[in-house]
Each structure stands twice: as structure tokens, then as C-alpha cells.
Amino acid sequence: MRAFVQTDRFVSEVQARRLRPVYVFVGGESFFRRRCREAILEYLVPPELRGFSIFEFDLAETELVEILDRARTPSLMAPFQVFFIAGVKALFARGANQEKLAAVEEYSKNPNPDALLIFIADHISIPADVRKMEMTDKERYQRIRDTLGQYCGIVELSRVEEGQAVRWLTDYCSTHQVKIDAEAARELVDATGGDMTMISKELEKLMLYVDQRRHITLADAETMVLAAKQRSLYELTDAISAKDRVRALKILDALLSAADGEEAAIGHLYLLAKTFRQMLVITERNVRDTRMLWAALWQGFRVPPFAAEAIIQQARRYRSKRELTRAIRLIAKTDLALRSNPPSKRMALEKLVLDLTSDGNAEMAGWQQEELPV
């Protein structure tokens, strides 16, 4: 489980206090970043001293030289200090940044032994299969390796494969004396798009839900995690397919105003993409009723029974496969934007809804010869 190995190694270094003075966390998977942070707090900083020991900076707002000066200065209030430094992208912006990189190198060679610096490069998205990494992200990652990687520890925070996420669910439940059925684990991973942060949060809700029973079934997953979200998502696709922009934006606002808020954006987008792919299959196979629907959609790609009639009706509103192809392309483009740490996930999703409810003839004309994204 490659995605977990890097984090486990860092946690073991924290436990043993065999730390390098500076690390770079590369990747946008917040589940692993939180896991590393929790280890730092647990083993390095007593709770009563955290107000004096933990510092958060962003290179877009604070000069690097100021942060390094703070790190070099021993604290009278705390025996150990940790500096979390976001905005690593600023170190590689156009302009004379060699001095900044040289300053980090100089600090790493003569560090304050009672301080730990963590640079956070969450503007880079590392997929579960690194061969599928976007070229821009590859280039950014290589620049970090060629510079900061020469004198800082690198910790990859990548996405996980669905099989790894299912295995983690099973292992985690086992250590907490809870049994989870394989179908429930797979459905939970599928519904959240393999986002480990969402998976862990939804699992917490499920464990509270089953409580004394200590057994999570597929029905539990559908009841607590999936049904409400899927119903809302099918309401959203219904408004989108009807080109009802106002209703679609209201439904989106309700989804994003729920408990998970913008953190659930990736999961919402995954379900939206899945629904449009289902509609594409329905259109290609000319599905007219639920009997034909079950035959057209394979195991693991079927819709919930309550949505069967609705999705057939929604698919009929699209005049051609090309319209559905355009929608899938727009969703894929938004998915890339969300994984690139945008200023606002809400704005990215609102723009998607506006695009999906527009006519889009000009875009489709330009995409006629392009291949459908996988």
C-alpha cells in the first residue's frame, strides 16, 4: 500500500525522534497530511504547550526570511517548535527565487535542533497511479526534488487506489472491534470517489450508527452515507438536464451547506461524473425502461432502485451522445481544478453547474473529433 508507506515511515521517524530539520509534504491528500500532523502533536508537543509551539505560515503572506529567523530563535516558552509553511508554490514562481531556495538549504545545514519545518506543497496532485500524473504536476514535483529534495525530507501524500482504501477500511474496523462487510466497504469507497478524508469521516458516522451491533452492512452504508447524498445528486442532475439553472444552483448550495461543506466537493463530483456516464450508456443502448436498465448497467455501475426511472428520464433530455460527452469533459476539467487547490471549491462547482446548464454548442463543435476521457 504505497500511499500509506510514506506516511507510516514519517510517523515512525517522529516517534523515534529521528527527524530531519526540514520536510516537504508533497500532494493534496489531506487525510495523510492530518495523520502526519497528529503524530507531530502527539509525540513532539505536549497539549499545554501547543499555543507556544505550533506556528502556521503561508509564503504568499509572510516572507521566507522572517519564518527562518523565527525558526532559528529558541523559544523561552516551549522546548520544541513546529512550523507549518503553506504556499510552497511561491518558491518556484517567476523571478529570482534562487536566494530563497539557498536560504532553506543554508538553514537545513545549520538548523535549530529544537525546531521542525514542514513545507506543504499541496498544489501538486499525485494520483494513485503515478504514471497518470498530469505533466504540469510532474514538472512541479521534479523541481521540488531537484532543489528542496537535495536537503529536505520528502513525504508523498498521494491518492489511494480503491482496493487500498477498501483494505484500510477493513483493517481500521478490525482494530476497533467492528466488522464491515466487503460490499459495504466497496460501496463507501465508491460513493466518496476514493477520497480518504471523506472515507474516514463517513466511517466515523457509520461506527456511531451501528454502535452496540459493531457490524456495518451494505444497508447501513446506504442508509447513513449514500442515500441522502445520492438523492440530492440525482435532484441536481435532474435540474441540470432540464437546464433549470436556478434550481440547480439552489440544490448545489444545499449540498455544500451540509455538514461536510466544501470538503465533500470531490465526492459530489465523483457521483456527478458517474451519473453522467450512466446516462451516456443509457443513451448508447437506447434504454427505455428499468428492465433494460438493469441489463445495460453492469455490477458496480448500477443506479439505486429509487433513481432508476429518474435517470432514464434525465438521459432522454439529451439530444445526442455528444451533449453527454461535453458534460463529462466539463466534469473532468472541474475535477482537475479541485485537485489543484483552488481558492474556492464552491466557485469551481458553481461554474460547472453554469456550464452544464448552458447550451454549449460552440464547445461541442470544437470537441467533435476529440476522444472521450476515461
# chains A, B, ... in the order shown; residues from 1 in each chain; ligands from 1

call {"tool": "closest_atom_pairs", "arguments": {"of": "region 184-254 of chain A", "to": "region 338-354 of chain A", "cutoff": "10 Å", "atoms": "only C-alpha atoms", "output": "Markdown table"}}
result
| residue | atom | partner | partner_atom | distance |
| --- | --- | --- | --- | --- |
| A:Leu236 | CA | A:Val353 | CA | 9.1 |
| A:Thr237 | CA | A:Val353 | CA | 9.5 |
| A:Ala239 | CA | A:Val353 | CA | 9.7 |
| A:Ile240 | CA | A:Val353 | CA | 7.2 |
| A:Lys243 | CA | A:Leu354 | CA | 9.3 |
| A:Asp244 | CA | A:Leu354 | CA | 9.9 |
| A:Arg245 | CA | A:Leu354 | CA | 6.7 |
| A:Val246 | CA | A:Leu354 | CA | 9.4 |
| A:Ala248 | CA | A:Val353 | CA | 7.0 |
| A:Leu249 | CA | A:Glu350 | CA | 6.9 |
| A:Leu252 | CA | A:Glu350 | CA | 7.6 |
| A:Asp253 | CA | A:Arg346 | CA | 8.4 |

call {"tool": "write_last_selection", "arguments": {"atoms": "N, CA and C atoms", "output": "PDB file, in the first residue's frame"}}
result
ATOM      1  N   LEU A 236     -29.926  17.162  -8.384  1.00  0.00           N
ATOM      2  CA  LEU A 236     -29.062  18.111  -9.082  1.00  0.00           C
ATOM      3  C   LEU A 236     -28.982  17.783 -10.570  1.00  0.00           C
ATOM      4  N   THR A 237     -28.769  16.519 -10.901  1.00  0.00           N
ATOM      5  CA  THR A 237     -28.688  16.156 -12.321  1.00  0.00           C
ATOM      6  C   THR A 237     -30.030  16.333 -13.019  1.00  0.00           C
ATOM      7  N   ALA A 239     -32.135  18.797 -12.357  1.00  0.00           N
ATOM      8  CA  ALA A 239     -32.194  20.228 -12.665  1.00  0.00           C
ATOM      9  C   ALA A 239     -31.241  20.583 -13.807  1.00  0.00           C
ATOM     10  N   ILE A 240     -30.065  19.965 -13.816  1.00  0.00           N
ATOM     11  CA  ILE A 240     -29.093  20.245 -14.882  1.00  0.00           C
ATOM     12  C   ILE A 240     -29.616  19.770 -16.222  1.00  0.00           C
ATOM     13  N   LYS A 243     -31.992  21.954 -17.715  1.00  0.00           N
ATOM     14  CA  LYS A 243     -31.435  23.289 -17.950  1.00  0.00           C
ATOM     15  C   LYS A 243     -32.063  24.326 -17.020  1.00  0.00           C
ATOM     16  N   ASP A 244     -32.443  23.861 -15.810  1.00  0.00           N
ATOM     17  CA  ASP A 244     -33.015  24.759 -14.805  1.00  0.00           C
ATOM     18  C   ASP A 244     -31.879  25.262 -13.928  1.00  0.00           C
ATOM     19  N   ARG A 245     -31.244  26.332 -14.366  1.00  0.00           N
ATOM     20  CA  ARG A 245     -30.037  26.835 -13.713  1.00  0.00           C
ATOM     21  C   ARG A 245     -30.286  27.268 -12.270  1.00  0.00           C
ATOM     22  N   VAL A 246     -31.385  27.970 -12.029  1.00  0.00           N
ATOM     23  CA  VAL A 246     -31.675  28.483 -10.681  1.00  0.00           C
ATOM     24  C   VAL A 246     -31.861  27.326  -9.708  1.00  0.00           C
ATOM     25  N   ALA A 248     -30.792  24.245 -10.017  1.00  0.00           N
ATOM     26  CA  ALA A 248     -29.535  23.509  -9.895  1.00  0.00           C
ATOM     27  C   ALA A 248     -28.600  24.195  -8.903  1.00  0.00           C
ATOM     28  N   LEU A 249     -28.514  25.514  -8.979  1.00  0.00           N
ATOM     29  CA  LEU A 249     -27.634  26.254  -8.064  1.00  0.00           C
ATOM     30  C   LEU A 249     -28.152  26.189  -6.629  1.00  0.00           C
ATOM     31  N   LEU A 252     -27.195  22.725  -5.356  1.00  0.00           N
ATOM     32  CA  LEU A 252     -25.756  22.709  -5.096  1.00  0.00           C
ATOM     33  C   LEU A 252     -25.441  23.434  -3.793  1.00  0.00           C
ATOM     34  N   ASP A 253     -26.076  24.573  -3.572  1.00  0.00           N
ATOM     35  CA  ASP A 253     -25.855  25.330  -2.341  1.00  0.00           C
ATOM     36  C   ASP A 253     -26.243  24.499  -1.113  1.00  0.00           C
TER      37      ASP A 253
END

call {"tool": "residues_around", "arguments": {"residues": "region 186-193 of chain A", "least_positions_apart": "3", "cutoff": "9 Å", "atoms": "only C-alpha atoms", "output": "PyMOL selection string"}}
result
chain A and resi 162-163+165-166+169+181-183+196+198-199+202-203+218+221-222+225-226+229-230+264+266-271+300

call {"tool": "residues_around", "arguments": {"residues": "Leu101 (chain A)", "least_positions_apart": "6", "cutoff": "10 Å", "atoms": "only C-alpha atoms", "output": "list in words"}}
result
Leu64, Leu91, Phe92, Tyr107, Thr147 and Leu148 of chain A

call {"tool": "residues_around", "arguments": {"residues": "Leu280 (chain A)", "least_positions_apart": "4", "cutoff": "7 Å", "atoms": "only C-alpha atoms", "output": "PDB file with C-alpha atoms, in the first residue's frame"}}
result
ATOM      1  CA  PHE A 276     -23.484  11.289 -16.498  1.00  0.00           C
ATOM      2  CA  GLU A 284     -25.945   4.487 -26.367  1.00  0.00           C
ATOM      3  CA  LYS A 321     -24.218  11.440 -27.072  1.00  0.00           C
ATOM      4  CA  LEU A 324     -23.311  13.962 -22.613  1.00  0.00           C
TER       5      LEU A 324
END

call {"tool": "residues_around", "arguments": {"residues": "Leu293 (chain A)", "least_positions_apart": "6", "cutoff": "9 Å", "atoms": "only C-alpha atoms", "output": "ChimeraX atom specification"}}
result
/A:282,287,302-303,308,312

call {"tool": "residues_around", "arguments": {"residues": "region 204-215 of chain A", "least_positions_apart": "6", "cutoff": "6 Å", "atoms": "only C-alpha atoms", "output": "PyMOL selection string"}}
result
chain A and resi 178-180

call {"tool": "closest_residue", "arguments": {"among": "A:Ala185, A:Ala103, A:Ala327, A:Leu255", "to": "Asp359 (chain A)", "atoms": "only C-alpha atoms"}}
result
A:Ala327

call {"tool": "closest_residue", "arguments": {"among": "A:Ala337, A:Gly27, A:Trp168, A:Ala242", "to": "Lys138 (chain A)", "atoms": "only C-alpha atoms"}}
result
A:Gly27

call {"tool": "closest_residue", "arguments": {"among": "A:Lys109, A:Lys250, A:Arg50, A:Arg143", "to": "Ala121 (chain A)", "atoms": "only C-alpha atoms"}}
result
A:Arg143

call {"tool": "residues_around", "arguments": {"residues": "Arg33 (chain A)", "least_positions_apart": "6", "cutoff": "12 Å", "atoms": "only C-alpha atoms", "output": "PyMOL selection string"}}
result
chain A and resi 3-4+6-8+10-11+24-27+39-40+84+118-122+155-159+196-197

call {"tool": "closest_residue", "arguments": {"among": "A:Val160, A:Cys173, A:Ala93, A:Ile328", "to": "Arg140 (chain A)", "atoms": "only C-alpha atoms"}}
result
A:Ala93

call {"tool": "atom_distance", "arguments": {"atom1": "CA of Ser75 (chain A)", "atom2": "CA of Asn112 (chain A)"}}
result
10.6 Å

call {"tool": "closest_residue", "arguments": {"among": "A:Ile124, A:Ala315, A:Val104, A:Ala184", "to": "Ser241 (chain A)", "atoms": "only C-alpha atoms"}}
result
A:Ala315
